[in-house]
Amino acid sequence: MKIKVVSNILKANDSIAEENRGLFKENGLFVINLISSPGAGKTSLLEKTIPLLSSPPSKGGKWGGISIGVIEGDIATTRDAERIEKTGARVIQINTNGACHLDSNMIRTSLRDFPLNGLDILFIENVGNLVCPANFNLGEDVKAVILSITEGDDKPKKYPGIFREARVLIINKADLLPYTDCSIDKIKKESLEINPDLNIFEVSCRSGEGLDRWCNWVKAQKKTYSATNLHE
Amino acid sequence: MHELSIVQNILDIAESEARKNNATKIIKIGLKIGEMSGVVIDSINFCFETLKTNTIARDAELLIDHVPLTGKCKNCGSNFQIKNYIFRCDTCNDNNIEIISGKELFVDELEVE
């Protein structure tokens, strides 16, 4: 006997992701899923971004007073969560014990021990991997992909899935450009061929270059999404 | 290696559909897998052989239909195959392209007894 099924293999993940999305919306959160290969600078970007967005204007912060939470995903160790804790952000570590990506159920489980009240923006730092996280929605508003120039300018076409899914591309380690053969123009051209709507920022987490523009974008998106969420 | 969890999902779907239809044995599982679905077919086959052993799909065969990446231009309406991941219309050169196929990752049909 033949049975016509037509069932999305990832539907179990997608339906929990929708539950997470509902919870994020109830709390008025703007949620960014940060995806990159290992060592591209996800944690470094957060270490630089959090103080810029969260320090109050009275203390010299430009944007000021934005309350940030971070869910850290790693196969093992709490090293990243320890780094984030120093910024003052609310943080929880998920250890996937081998799994190459976060899935929506891991996020749902972690939220039992992670209060969302009072937060404005939630960053979810995925496991370092340019392939699998593209398939697993977590309930985020946007996916952000980080590519560091030392990885090479051929990566967008080699990993098209994530570059198509992402709303924003952060090209990190821009200060190292003179020491590599990487062409930022090629990264931009080929990324935009895959996804013409991609917002691209060149930054160096080491020197701080370009982080202003990125933070402005995050803040503007936060406003847009919060307004949309309130109307729904 | 997210193929392992994907194959587990495939087996969960197949077993639940088979039971709904009072079947005791799954003979074939037909999948549709798009060019841009991000999974490796060899890994799917490998994981399937490992995970199926203690299930009612232990003798089942996996039939995979590969779906090419195609798009529809939102400007001129033409349909075309997207090559080399260049999302640009080959008729009018516009880049506002909707993906029509190529992201599939689903269990399409089953053959059961």
# chains A, B, ... in the order shown; residues from 1 in each chain; ligands from 1

call {"tool": "interface_residues", "arguments": {"of": "chain A", "to": "chain B", "cutoff": "6 Å", "atoms": "only C-alpha atoms", "output": "CSV table (one decimal) with N, CA, C and O atoms, in the first residue's frame"}}
result
chain,number,residue,atom,x,y,z
A,1,MET,N,0.8,-1.2,0.0
A,1,MET,CA,0.0,0.0,0.0
A,1,MET,C,0.9,1.3,0.0
A,1,MET,O,1.8,1.3,0.8
A,2,LYS,N,0.5,2.2,-0.9
A,2,LYS,CA,1.2,3.5,-0.9
A,2,LYS,C,0.5,4.5,0.0
A,2,LYS,O,-0.7,4.6,-0.1
A,3,ILE,N,1.3,5.3,0.7
A,3,ILE,CA,0.7,6.4,1.5
A,3,ILE,C,1.4,7.7,1.1
A,3,ILE,O,2.6,7.8,1.1
A,4,LYS,N,0.6,8.7,0.7
A,4,LYS,CA,1.1,10.0,0.4
A,4,LYS,C,1.2,10.8,1.7
A,4,LYS,O,0.3,10.9,2.5
A,5,VAL,N,2.4,11.2,2.0
A,5,VAL,CA,2.7,11.8,3.3
A,5,VAL,C,2.9,13.3,3.2
A,5,VAL,O,2.2,14.1,3.9
A,6,VAL,N,3.8,13.8,2.5
A,6,VAL,CA,4.2,15.2,2.3
A,6,VAL,C,4.4,15.8,3.7
A,6,VAL,O,3.6,16.7,4.1
A,7,SER,N,5.4,15.4,4.5
A,7,SER,CA,5.6,15.9,5.8
A,7,SER,C,7.0,16.5,5.9
A,7,SER,O,7.9,15.8,5.7
A,8,ASN,N,7.0,17.7,6.3
A,8,ASN,CA,8.3,18.4,6.5
A,8,ASN,C,9.1,17.7,7.6
A,8,ASN,O,8.7,17.5,8.7
A,9,ILE,N,10.3,17.3,7.2
A,9,ILE,CA,11.2,16.5,8.1
A,9,ILE,C,11.5,17.4,9.4
A,9,ILE,O,11.7,16.9,10.5
A,193,GLU,N,24.8,38.1,-4.6
A,193,GLU,CA,24.2,37.2,-5.6
A,193,GLU,C,23.3,36.2,-5.0
A,193,GLU,O,22.3,35.9,-5.5
A,194,ILE,N,23.7,35.7,-3.8
A,194,ILE,CA,22.9,34.7,-3.1
A,194,ILE,C,21.7,35.4,-2.5
A,194,ILE,O,20.6,34.9,-2.4

call {"tool": "residues_around", "arguments": {"residues": "stretch 105-114 of chain A", "least_positions_apart": "2", "cutoff": "12 Å", "atoms": "only C-alpha atoms", "output": "number ranges by chain"}}
result
A: 12-24, 33, 69-74, 90-97, 99, 101-103, 116-119, 122-126, 136-140

call {"tool": "residues_around", "arguments": {"residues": "stretch 179-191 of chain A", "least_positions_apart": "4", "cutoff": "7 Å", "atoms": "only C-alpha atoms", "output": "ChimeraX atom specification"}}
result
/A:149-150,152-153,156-157,163,195

call {"tool": "write_last_selection", "arguments": {"atoms": "all heavy atoms", "output": "compact mmCIF listing (two decimals), in the first residue's frame"}}
result
# COMPACT_ATOMS: atom_id res chain seq x y z
N ILE A 149 37.70 37.50 7.57
CA ILE A 149 38.39 37.51 6.28
C ILE A 149 39.50 36.46 6.20
O ILE A 149 39.86 36.03 5.11
CB ILE A 149 38.95 38.91 5.94
CG1 ILE A 149 39.97 39.34 6.97
CG2 ILE A 149 37.85 39.93 5.78
CD1 ILE A 149 40.85 40.43 6.44
N THR A 150 39.97 35.99 7.36
CA THR A 150 41.01 34.95 7.33
C THR A 150 40.46 33.60 6.86
O THR A 150 41.23 32.69 6.54
CB THR A 150 41.65 34.78 8.72
OG1 THR A 150 40.60 34.67 9.67
CG2 THR A 150 42.52 35.96 9.07
N GLY A 152 38.75 33.27 4.15
CA GLY A 152 38.80 33.27 2.69
C GLY A 152 37.52 33.79 2.06
O GLY A 152 36.43 33.63 2.61
N ASP A 153 37.71 34.40 0.88
CA ASP A 153 36.57 35.07 0.23
C ASP A 153 35.70 34.11 -0.58
O ASP A 153 34.73 34.52 -1.22
CB ASP A 153 37.06 36.23 -0.65
CG ASP A 153 38.17 35.80 -1.59
OD1 ASP A 153 38.27 34.60 -1.91
OD2 ASP A 153 38.96 36.69 -2.01
N PRO A 156 31.06 32.39 0.86
CA PRO A 156 29.62 32.52 0.59
C PRO A 156 29.10 31.49 -0.41
O PRO A 156 28.08 30.83 -0.16
CB PRO A 156 29.49 33.95 0.06
CG PRO A 156 30.60 34.68 0.75
CD PRO A 156 31.74 33.70 0.79
N LYS A 157 29.82 31.28 -1.52
CA LYS A 157 29.34 30.33 -2.52
C LYS A 157 29.51 28.88 -2.06
O LYS A 157 28.85 27.98 -2.57
CB LYS A 157 30.06 30.55 -3.86
CG LYS A 157 29.54 31.77 -4.63
CD LYS A 157 28.11 31.56 -5.13
CE LYS A 157 27.45 32.82 -5.62
NZ LYS A 157 27.69 33.12 -7.00
N PHE A 163 23.94 32.00 3.84
CA PHE A 163 23.98 33.36 3.30
C PHE A 163 22.62 33.76 2.72
O PHE A 163 22.29 34.93 2.68
CB PHE A 163 25.11 33.50 2.27
CG PHE A 163 26.46 33.54 2.92
CD1 PHE A 163 27.14 32.38 3.27
CD2 PHE A 163 27.03 34.77 3.26
CE1 PHE A 163 28.36 32.42 3.92
CE2 PHE A 163 28.27 34.82 3.91
CZ PHE A 163 28.93 33.64 4.23
N ASN A 195 21.92 36.57 -1.90
CA ASN A 195 20.89 37.25 -1.12
C ASN A 195 21.01 38.76 -1.27
O ASN A 195 21.75 39.41 -0.53
CB ASN A 195 21.05 36.83 0.36
CG ASN A 195 20.01 37.45 1.24
OD1 ASN A 195 19.18 38.24 0.80
ND2 ASN A 195 20.03 37.08 2.50

call {"tool": "atom_distance", "arguments": {"atom1": "atom CA of A:Thr87", "atom2": "atom CA of A:Ala227"}}
result
27.3 Å

call {"tool": "select_by_dssp", "arguments": {"residues": "chain B", "states": "strand (DSSP E or B)", "output": "number ranges by chain"}}
result
B: 26-34, 61-67, 70-73, 79-81, 97-101, 105-112

call {"tool": "atom_distance", "arguments": {"atom1": "atom CA of A:Leu147", "atom2": "atom CA of A:Thr77"}}
result
23.1 Å

call {"tool": "select_by_dssp", "arguments": {"residues": "stretch 3-51 of chain A", "states": "alpha helix (DSSP H)", "output": "list in words"}}
result
Lys11, Ala12, Asn13, Asp14, Ser15, Ile16, Ala17, Glu18, Glu19, Asn20, Arg21, Gly22, Leu23, Phe24, Lys25, Glu26, Lys42, Thr43, Ser44, Leu45, Leu46, Glu47, Lys48, Thr49, Ile50 and Pro51 of chain A

call {"tool": "residues_around", "arguments": {"residues": "B:Thr55", "least_positions_apart": "2", "cutoff": "9 Å", "atoms": "only C-alpha atoms", "output": "list in words"}}
result
Leu11, Glu15, Lys25, Leu51, Lys52, Thr53, Ala57, Arg58 and Asp59 of chain B

call {"tool": "atom_distance", "arguments": {"atom1": "atom CA of A:Asn172", "atom2": "atom CA of A:Arg213"}}
result
13.2 Å

call {"tool": "closest_residue", "arguments": {"among": "B:Cys89, B:Glu98, B:Arg19, B:Gly34", "to": "B:Asp65", "atoms": "only C-alpha atoms"}}
result
B:Gly34
